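Notes to accompany the following structure.
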Amino acid sequence: MRQRLPSIVLSVCFFAHVGSALLASPTAIRSGAFPNPLAFAPSITTLKKSQLPFHHRASSIYLSSAISADETAQKVAADDTKHYNSHATTLSTHLKDASLAQLNNDVVTQQREMEYAEQVLVQWVEEYRGRNSHSSDSSDSLVEQPELPDAQLFNDVIEGLLALPSSFAIVDDENDNEKSPPNEDVENDTQEMNDEIRRQLLRKGKSREHLQSENNKSDRATHILDLMESFHEPTGSIYDTIIASHGEDVLQCLSYLSTGQDGDDELNSKESLYHQQAWKSAKSALQLLNRSEELYQETGQSSSQLPSIASYVTAMDVWKALAVVTEEDDEKKKRDEALEVVRNLRQRRLKVYTLDRDAAGENNNRGGSGGYNILPQEVATMTVEEVLDFTTNLLSESVPEYQLKIEDTSKIGTWHFNQLIFDLAKYPQSFSGSLAQDLLDYMVYMVKKSSPSKRRRRRLKQSAPHPNIPKPNAETINGVLKAWMVTPDYSDVARRAEAVLAKLAIWQSEGILWGVSADTISYNTCINCWKESGITGAAQRATDILRLMEDASTTITPDVISYTTCIGAWADCSSRDPSAGGCAEELLMRMYNRNKDAAGDESVAPRPTTRCFNAVLLAFANGRQSGSGKRAMELLRFMERLNSEGYADLSPDRYTFNIIMKALLCCGERGASQKANQLLERMEDSYSKGNSSMKPDLITYNTVLDAFSKEGDAKSAERLLEKMLNNRGDDMAKPNSHSYTAVLTAWSRSEDKAMSVRRAQALFDDIEGRYAAGETDFRAETSVYNALINCWAKSGDRTALYHVTQILSLMEELGLKGGDSDVQPNSRTYCSVLDTLANSKKHKAHAESLEILQRMEDYYSEGYDSVRPCARAYSIVLSTIARSRRKNKALEAQELLHRMESEYIGGNSACRPNVYSYNAVLNAAAFCGRDEREQEEAFKVACLTFDELRMSDYLQPSHVSYGTFLKAIKKLMQESDVRDNLVKGLFRKCCREGLASDFVLKEMADLSTPGLYQSLLEGVTNEYGNLPKSWSANV
């Protein structure tokens, strides 16, 4: 029976312009006798577009086209569901990989993954529109409407795009992690150097596309928002985030303009690319704010679509900045335009946040901008007592013991409302913020309602006094802010808190709450709301509020809490933002300099405290940036110097040293463990002299143990563990599971493998012996067992396999069958055992590894989530099969890959195939037996496996994939012109993708004829015979 060659061979040969035929039996395939491949182009297209799992796609080549109309309709409906799942899974994968790359400071990977995610979403939307249009024209009821990407996917892509580095940065400061306290001379020299660098770059002809990028992250996020608006109603927070990003672009572009010197036409020209980009970004921000307002009005003034006050502030700030830099007489028109935009925005903000929009005033019974959220709309007809009763009863339903005591109902006033509002913050509920906001709006409504007009004042003087009105004061405002701050499961708390202050400003301007002003506590609460929000740009917004407090034109003075909270916001986002450590330190130095300029007067400017320094140190530690350990040590010395100069509240404590040790551990610098140990010795010495705040705790010791473990210094780690065991009276330093695991891991990384496994086993036996003798209440847990298995796995000992399998059997007996969750094996346990088995060179290793994998699957199906099979476990088993001498191992490996993919499609996300899985199957095919039939099947397996990897939605071939596939072609395909053309097309594709590693080049040299290999390299090598760097850029 004649069979078609897998699509990888057809496609590659097609790209290489092969004129010979490619249709024959497996024997003919290997011999090189093929018909014309162009006759089968429809099959190739169908295969590429199909979204079915791999084994269905491969078999679809052989399907007959005779399918009834009903069957076709049903298949389309089924494919739509799989299509949705495929796109959603692929999109989530790219977003996850981009987030991981950001944590690792891998900018290239982060940008690439976000490009993939963006492309997948755009393609999804285009396919949805096309299919939806086709479905609407069809009268077939069996065809279901295709699935639409949900709003959260759009949100995730937008957040991922905005997390990318700035699109307009030209000069990178390579010494960010080595900076010291400000030095004016150094700053001036650095500024001059940076100015000169910028001038040189511009004179060398930086392209217009680079400086005025139309594909920057803000524009890309705006494009995704455009698509989202076609299908969903974006929340106001999405508009706010993108507006903030455009605002940052404007200010960054303008900052480059400010570096020019008089007479330098290249930098100060009106046609400057930065200047044009600044105007472009400012207009984009304004357009987004317009769209946000329109959506807010179209949705009936829904609170979720309410534009943030931060968006108005951002837009006004950037247009003010444009007006400032546009000072030339011939640009007066532009300056006037910018100022007019600012005035217009100010009026629009007042209109959006006005208390009552209804011209009738009292006929509109809504106190807030969008009406009451919790209080009934007939509240205007209710008495003050009824409003309090309603609110108290509502809170009592959630907190039965709550009761608001009112002794005299005739004297109900501000105090009672304030107490109720603070009680809403004391007992956080999902409605706390909304209800507190309603109470504030009601109080303002009553004040406004009771205010007499000029025509009625004289008549009212003769009438009875007006009943007591609960007028809001500063405590009321702070209570509402606090209620918003503690409201759980509310994603828009920070914006709502800012809206409270914005409304207060409007009420003041209207004379409703004359004399009621926000204070430092109010602004601190807003800063804390942004800190706790965890959204992108929260730290920068908190910093903007702090800068507003520092402004001399305001009467609000920031205190220690203001700076500490704001620095803490940068520490919280430091794992996602590489610049967070530097921003946090900048705030600390600003705080220090302001206090120094005020001659130490804390009523004018607070001085830094230990908590401030600790927050900065935490930002460096969480950032895991190179050089963060060194910078943390420099800050410690600066801290100690200030303490010696009289800063009494600036004394390092245990928490300070713990954070510095963490920074040393995470930065990866040489000698970090010894520095951490020296800090521990300093703490112990200080504590022995009576400083109780420096007493080391378990975190201290475990951090030093982790540092020793990371460097493989097992002897030092075990000595420290012995010291902890000898401190019997110190419960704060009693070793736990983490302590023992760190020491065992240190032994597994030791160079002396023979001694390391003996010491590790002895330590484990000591743990069990101490527990059996009653000397300690600590017993070995799963992590300790895993560390011991890891020691045996890396030891190279001949009995390692026996020991690890015995330990696994014991854990299964006690943890899974015996119900002891403390020693229950997990996926890492099984992977370590499988790894030991793969390296054991045992004759039946592949059979035992399959048996262990089957046990994992069985236990997982029984409900033990800890043993969920993962991609690493499958990949190890695949590698074990590939190394074996088993007959037909390529088919067996392919079947296991299919099983792995089926598990993934079935809901086990942990076993999604990776590139190592595919490479193992390719390796199994490349090293198959000498039987001709087996080689034919192995060649088919290699082609189909590489084809699936190439067409995968979430994977790409690596240089090992190309090299292994070339090896398979060399061993399984006879020499012929067809093979040469196939190899030629494959190698060119490999070079275009930047994957031509030494391994690929070696296989090419061994596989192709000398003339062919030289012809591929002809004209591309330089005068020294070196290949283009782009060929191996992604290796």
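Order determines the names: the first chain of the structure tokens is A, the second B, and so forth; residues in each chain are numbered 1 upward, and ligands are numbered 1 upward as they are shown.
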
Inset, instruction - Determine, counting only C-alpha atoms, which protein, DNA and RNA residues have an atom within 10 Å of an atom of range 797-806 of chain A; residues of the same chain fewer than 5 positions away are not included. Present the result as a list in words. - result: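 What passes the distance filter is Lys753, Ala754, Val757, Tyr785, Asn786, Leu788, Ile789, Asn790, Cys791, Trp792, Met811, Glu812, Thr829, Tyr830, Ser832, Val833, Leu834, Asp835, Thr836, Leu837, Ala838, Asn839, Ser840, Lys842 and Ile852 of chain A.
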
Could you write out that same residue set with N, CA, C and O atoms as an mmCIF file, in the first residue's frame?
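Saved file result37.cif follows:
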data_model
loop_
_atom_site.group_PDB
_atom_site.id
_atom_site.type_symbol
_atom_site.label_atom_id
_atom_site.label_comp_id
_atom_site.auth_asym_id
_atom_site.auth_seq_id
_atom_site.Cartn_x
_atom_site.Cartn_y
_atom_site.Cartn_z
ATOM 1 N N LYS A 753 31.925 12.585 45.928
ATOM 2 C CA LYS A 753 30.654 11.873 45.896
ATOM 3 C C LYS A 753 30.635 10.676 46.845
ATOM 4 O O LYS A 753 29.611 10.382 47.471
ATOM 5 N N ALA A 754 31.759 9.973 46.953
ATOM 6 C CA ALA A 754 31.788 8.787 47.809
ATOM 7 C C ALA A 754 31.551 9.153 49.264
ATOM 8 O O ALA A 754 30.767 8.508 49.976
ATOM 9 N N VAL A 757 27.703 10.705 49.991
ATOM 10 C CA VAL A 757 26.552 9.833 50.178
ATOM 11 C C VAL A 757 26.602 9.140 51.533
ATOM 12 O O VAL A 757 25.566 8.890 52.166
ATOM 13 N N TYR A 785 13.472 13.142 52.705
ATOM 14 C CA TYR A 785 13.588 11.912 51.906
ATOM 15 C C TYR A 785 14.039 12.238 50.476
ATOM 16 O O TYR A 785 14.897 11.550 49.908
ATOM 17 N N ASN A 786 13.449 13.278 49.885
ATOM 18 C CA ASN A 786 13.820 13.658 48.519
ATOM 19 C C ASN A 786 15.284 14.069 48.426
ATOM 20 O O ASN A 786 15.974 13.743 47.450
ATOM 21 N N LEU A 788 17.710 13.034 50.352
ATOM 22 C CA LEU A 788 18.526 11.819 50.471
ATOM 23 C C LEU A 788 18.537 11.047 49.146
ATOM 24 O O LEU A 788 19.593 10.559 48.704
ATOM 25 N N ILE A 789 17.383 10.907 48.513
ATOM 26 C CA ILE A 789 17.324 10.235 47.206
ATOM 27 C C ILE A 789 18.194 10.969 46.192
ATOM 28 O O ILE A 789 18.909 10.351 45.391
ATOM 29 N N ASN A 790 18.169 12.289 46.235
ATOM 30 C CA ASN A 790 18.973 13.087 45.313
ATOM 31 C C ASN A 790 20.461 12.850 45.528
ATOM 32 O O ASN A 790 21.251 12.813 44.575
ATOM 33 N N CYS A 791 20.867 12.688 46.795
ATOM 34 C CA CYS A 791 22.274 12.391 47.101
ATOM 35 C C CYS A 791 22.692 11.064 46.478
ATOM 36 O O CYS A 791 23.760 10.959 45.860
ATOM 37 N N TRP A 792 21.859 10.043 46.642
ATOM 38 C CA TRP A 792 22.168 8.739 46.061
ATOM 39 C C TRP A 792 22.155 8.818 44.534
ATOM 40 O O TRP A 792 22.997 8.207 43.856
ATOM 41 N N MET A 811 8.392 5.097 51.253
ATOM 42 C CA MET A 811 7.522 6.277 51.224
ATOM 43 C C MET A 811 6.135 5.924 50.693
ATOM 44 O O MET A 811 5.121 6.435 51.191
ATOM 45 N N GLU A 812 6.070 5.065 49.696
ATOM 46 C CA GLU A 812 4.761 4.638 49.192
ATOM 47 C C GLU A 812 3.998 3.850 50.249
ATOM 48 O O GLU A 812 2.780 4.012 50.402
ATOM 49 N N THR A 829 10.037 13.231 43.955
ATOM 50 C CA THR A 829 10.543 11.939 44.430
ATOM 51 C C THR A 829 10.671 10.965 43.274
ATOM 52 O O THR A 829 11.723 10.341 43.065
ATOM 53 N N TYR A 830 9.613 10.819 42.505
ATOM 54 C CA TYR A 830 9.619 9.867 41.398
ATOM 55 C C TYR A 830 10.611 10.279 40.309
ATOM 56 O O TYR A 830 11.270 9.421 39.707
ATOM 57 N N SER A 832 13.462 11.831 40.696
ATOM 58 C CA SER A 832 14.813 11.498 41.155
ATOM 59 C C SER A 832 15.079 10.008 40.995
ATOM 60 O O SER A 832 16.167 9.592 40.585
ATOM 61 N N VAL A 833 14.083 9.175 41.327
ATOM 62 C CA VAL A 833 14.240 7.723 41.176
ATOM 63 C C VAL A 833 14.372 7.359 39.702
ATOM 64 O O VAL A 833 15.229 6.548 39.318
ATOM 65 N N LEU A 834 13.542 7.958 38.856
ATOM 66 C CA LEU A 834 13.623 7.683 37.420
ATOM 67 C C LEU A 834 14.958 8.137 36.848
ATOM 68 O O LEU A 834 15.523 7.473 35.959
ATOM 69 N N ASP A 835 15.467 9.241 37.340
ATOM 70 C CA ASP A 835 16.762 9.736 36.881
ATOM 71 C C ASP A 835 17.878 8.755 37.264
ATOM 72 O O ASP A 835 18.790 8.496 36.468
ATOM 73 N N THR A 836 17.813 8.236 38.474
ATOM 74 C CA THR A 836 18.796 7.235 38.902
ATOM 75 C C THR A 836 18.708 5.995 38.026
ATOM 76 O O THR A 836 19.728 5.417 37.629
ATOM 77 N N LEU A 837 17.506 5.586 37.718
ATOM 78 C CA LEU A 837 17.298 4.404 36.886
ATOM 79 C C LEU A 837 17.829 4.635 35.466
ATOM 80 O O LEU A 837 18.434 3.737 34.862
ATOM 81 N N ALA A 838 17.633 5.830 34.936
ATOM 82 C CA ALA A 838 18.100 6.139 33.583
ATOM 83 C C ALA A 838 19.623 6.105 33.490
ATOM 84 O O ALA A 838 20.181 5.749 32.448
ATOM 85 N N ASN A 839 20.307 6.495 34.579
ATOM 86 C CA ASN A 839 21.770 6.541 34.577
ATOM 87 C C ASN A 839 22.414 5.248 35.062
ATOM 88 O O ASN A 839 23.645 5.172 35.159
ATOM 89 N N SER A 840 21.611 4.250 35.388
ATOM 90 C CA SER A 840 22.139 3.027 35.987
ATOM 91 C C SER A 840 22.707 2.047 34.967
ATOM 92 O O SER A 840 23.434 1.125 35.331
ATOM 93 N N LYS A 842 21.238 -0.246 33.602
ATOM 94 C CA LYS A 842 20.650 -1.556 33.843
ATOM 95 C C LYS A 842 19.961 -2.040 32.572
ATOM 96 O O LYS A 842 19.334 -1.263 31.855
ATOM 97 N N ILE A 852 7.326 2.304 36.962
ATOM 98 C CA ILE A 852 7.250 3.381 37.957
ATOM 99 C C ILE A 852 6.331 4.496 37.456
ATOM 100 O O ILE A 852 5.519 5.049 38.221
#

Inset, instruction - Do a neighbour search on Glu934 in chain A at 10 Å with only C-alpha atoms, toss out local chain neighbours closer than 2 positions, and write the hits as number ranges by chain. - result: A: 887-891, 925, 928-932, 936-940, 972

All heavy atoms of the current selection, written as a short mmCIF file (atom, residue, chain, number, x, y, z; two decimals), in the first residue's frame:
data_model
loop_
_atom_site.label_atom_id
_atom_site.label_comp_id
_atom_site.auth_asym_id
_atom_site.auth_seq_id
_atom_site.Cartn_x
_atom_site.Cartn_y
_atom_site.Cartn_z
N LYS A 887 13.98 -3.49 20.82
CA LYS A 887 13.54 -3.47 19.44
C LYS A 887 12.29 -2.60 19.32
O LYS A 887 11.43 -2.59 20.19
CB LYS A 887 13.24 -4.90 18.97
CG LYS A 887 12.95 -4.99 17.48
CD LYS A 887 12.75 -6.44 17.04
CE LYS A 887 12.49 -6.52 15.55
NZ LYS A 887 12.29 -7.92 15.09
N ASN A 888 12.21 -1.87 18.23
CA ASN A 888 11.08 -0.97 17.97
C ASN A 888 10.93 0.09 19.06
O ASN A 888 9.82 0.50 19.40
CB ASN A 888 9.77 -1.75 17.83
CG ASN A 888 9.77 -2.65 16.61
OD1 ASN A 888 10.28 -2.29 15.55
ND2 ASN A 888 9.21 -3.85 16.77
N LYS A 889 12.05 0.54 19.59
CA LYS A 889 11.98 1.54 20.67
C LYS A 889 11.46 2.90 20.17
O LYS A 889 10.90 3.67 20.95
CB LYS A 889 13.33 1.70 21.33
CG LYS A 889 14.45 2.21 20.42
CD LYS A 889 15.76 2.32 21.18
CE LYS A 889 16.89 2.86 20.29
NZ LYS A 889 18.15 2.95 21.05
N ALA A 890 11.65 3.18 18.88
CA ALA A 890 11.14 4.45 18.35
C ALA A 890 9.62 4.49 18.40
O ALA A 890 9.02 5.50 18.80
CB ALA A 890 11.63 4.65 16.92
N LEU A 891 8.98 3.39 18.02
CA LEU A 891 7.52 3.33 18.10
C LEU A 891 7.04 3.40 19.54
O LEU A 891 6.04 4.06 19.84
CB LEU A 891 7.02 2.04 17.44
CG LEU A 891 7.01 2.00 15.91
CD1 LEU A 891 6.64 0.61 15.42
CD2 LEU A 891 6.03 3.04 15.36
N ALA A 925 14.68 7.20 17.53
CA ALA A 925 14.63 6.86 16.11
C ALA A 925 16.03 6.83 15.50
O ALA A 925 16.35 5.97 14.67
CB ALA A 925 13.74 7.83 15.36
N CYS A 928 18.01 3.44 16.38
CA CYS A 928 17.23 2.21 16.33
C CYS A 928 18.12 1.05 15.88
O CYS A 928 19.30 1.23 15.53
CB CYS A 928 16.04 2.37 15.41
SG CYS A 928 16.50 2.56 13.67
N GLY A 929 17.53 -0.15 15.84
CA GLY A 929 18.29 -1.33 15.43
C GLY A 929 18.58 -1.37 13.94
O GLY A 929 18.24 -0.44 13.18
N ARG A 930 19.20 -2.47 13.49
CA ARG A 930 19.61 -2.58 12.08
C ARG A 930 18.58 -3.28 11.21
O ARG A 930 18.79 -3.42 10.00
CB ARG A 930 20.94 -3.33 12.00
CG ARG A 930 22.08 -2.60 12.69
CD ARG A 930 23.39 -3.34 12.50
NE ARG A 930 24.48 -2.62 13.14
CZ ARG A 930 25.76 -3.02 13.12
NH1 ARG A 930 26.08 -4.15 12.48
NH2 ARG A 930 26.68 -2.31 13.73
N ASP A 931 17.50 -3.74 11.79
CA ASP A 931 16.46 -4.38 11.00
C ASP A 931 15.84 -3.36 10.04
O ASP A 931 15.50 -2.24 10.43
CB ASP A 931 15.38 -4.96 11.93
CG ASP A 931 14.27 -5.63 11.15
OD1 ASP A 931 14.50 -6.74 10.65
OD2 ASP A 931 13.18 -5.00 11.05
N GLU A 932 15.72 -3.77 8.77
CA GLU A 932 15.26 -2.83 7.75
C GLU A 932 13.85 -2.34 8.02
O GLU A 932 13.56 -1.14 7.89
CB GLU A 932 15.33 -3.50 6.38
CG GLU A 932 14.96 -2.55 5.24
CD GLU A 932 15.13 -3.21 3.88
OE1 GLU A 932 15.58 -4.37 3.84
OE2 GLU A 932 14.82 -2.55 2.87
N GLU A 936 12.63 1.56 8.79
CA GLU A 936 11.58 2.26 8.05
C GLU A 936 10.58 2.92 9.01
O GLU A 936 10.19 4.07 8.83
CB GLU A 936 10.85 1.27 7.13
CG GLU A 936 11.69 0.75 5.98
CD GLU A 936 10.98 -0.33 5.19
OE1 GLU A 936 9.82 -0.64 5.54
OE2 GLU A 936 11.56 -0.85 4.23
N GLU A 937 10.17 2.15 10.02
CA GLU A 937 9.23 2.71 11.01
C GLU A 937 9.89 3.84 11.81
O GLU A 937 9.25 4.85 12.12
CB GLU A 937 8.75 1.60 11.95
CG GLU A 937 7.89 0.55 11.28
CD GLU A 937 6.59 1.12 10.74
OE1 GLU A 937 6.12 2.12 11.30
OE2 GLU A 937 6.06 0.57 9.76
N ALA A 938 11.17 3.66 12.12
CA ALA A 938 11.88 4.70 12.89
C ALA A 938 11.98 5.98 12.09
O ALA A 938 11.86 7.09 12.64
CB ALA A 938 13.27 4.19 13.28
N PHE A 939 12.20 5.87 10.79
CA PHE A 939 12.28 7.07 9.96
C PHE A 939 10.95 7.80 9.92
O PHE A 939 10.87 9.03 9.99
CB PHE A 939 12.73 6.69 8.55
CG PHE A 939 12.91 7.89 7.66
CD1 PHE A 939 13.91 8.82 7.90
CD2 PHE A 939 12.07 8.10 6.57
CE1 PHE A 939 14.07 9.92 7.08
CE2 PHE A 939 12.22 9.20 5.75
CZ PHE A 939 13.23 10.12 6.00
N LYS A 940 9.87 7.03 9.81
CA LYS A 940 8.54 7.64 9.86
C LYS A 940 8.31 8.36 11.19
O LYS A 940 7.80 9.48 11.24
CB LYS A 940 7.46 6.57 9.64
CG LYS A 940 6.87 6.59 8.26
CD LYS A 940 5.96 5.43 7.98
CE LYS A 940 4.86 5.29 9.00
NZ LYS A 940 3.90 4.21 8.62
N LEU A 972 19.13 6.59 8.53
CA LEU A 972 17.93 5.90 8.06
C LEU A 972 17.58 6.18 6.61
O LEU A 972 16.64 5.58 6.09
CB LEU A 972 16.74 6.29 8.95
CG LEU A 972 16.92 6.03 10.45
CD1 LEU A 972 15.72 6.56 11.21
CD2 LEU A 972 17.13 4.55 10.72
#

Legend entry - DSSP alpha helix (DSSP H) residues within range 780-865 of chain A, as a ChimeraX atom specification: /A:782-795,800-811,827-838,845-861

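Here the question is which of A:Arg541, A:Glu550, A:Glu147, A:Asn1034 gets nearest to Thr314 in chain A using only C-alpha atoms, and that residue is A:Arg541.
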
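Each of A:Asn473, A:Ser783, A:Thr235, A:Asn826 was checked against Leu295 in chain A using only C-alpha atoms; the smallest atom-to-atom distance is that of A:Thr235.
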
Legend entry - Nearest residue to Gln102 in chain A from the set A:Val125, A:Leu816, A:Ile535, A:Cys573 (distances using only C-alpha atoms): A:Cys573

Inset, instruction - Name all residues at most 10 Å from Arg112 in chain A (count only C-alpha atoms; drop same-chain ones fewer than 6 positions away) and give them as a ChimeraX atom specification. - result: /A:94,97-98,101,118

Inset, instruction - Find the residues near range 629-641 of chain A: any atom within 6 Å, counting only C-alpha atoms, skip ones fewer than 4 places away on the same chain, and give them as number ranges by chain. - result: A: 617, 660, 663-664, 667
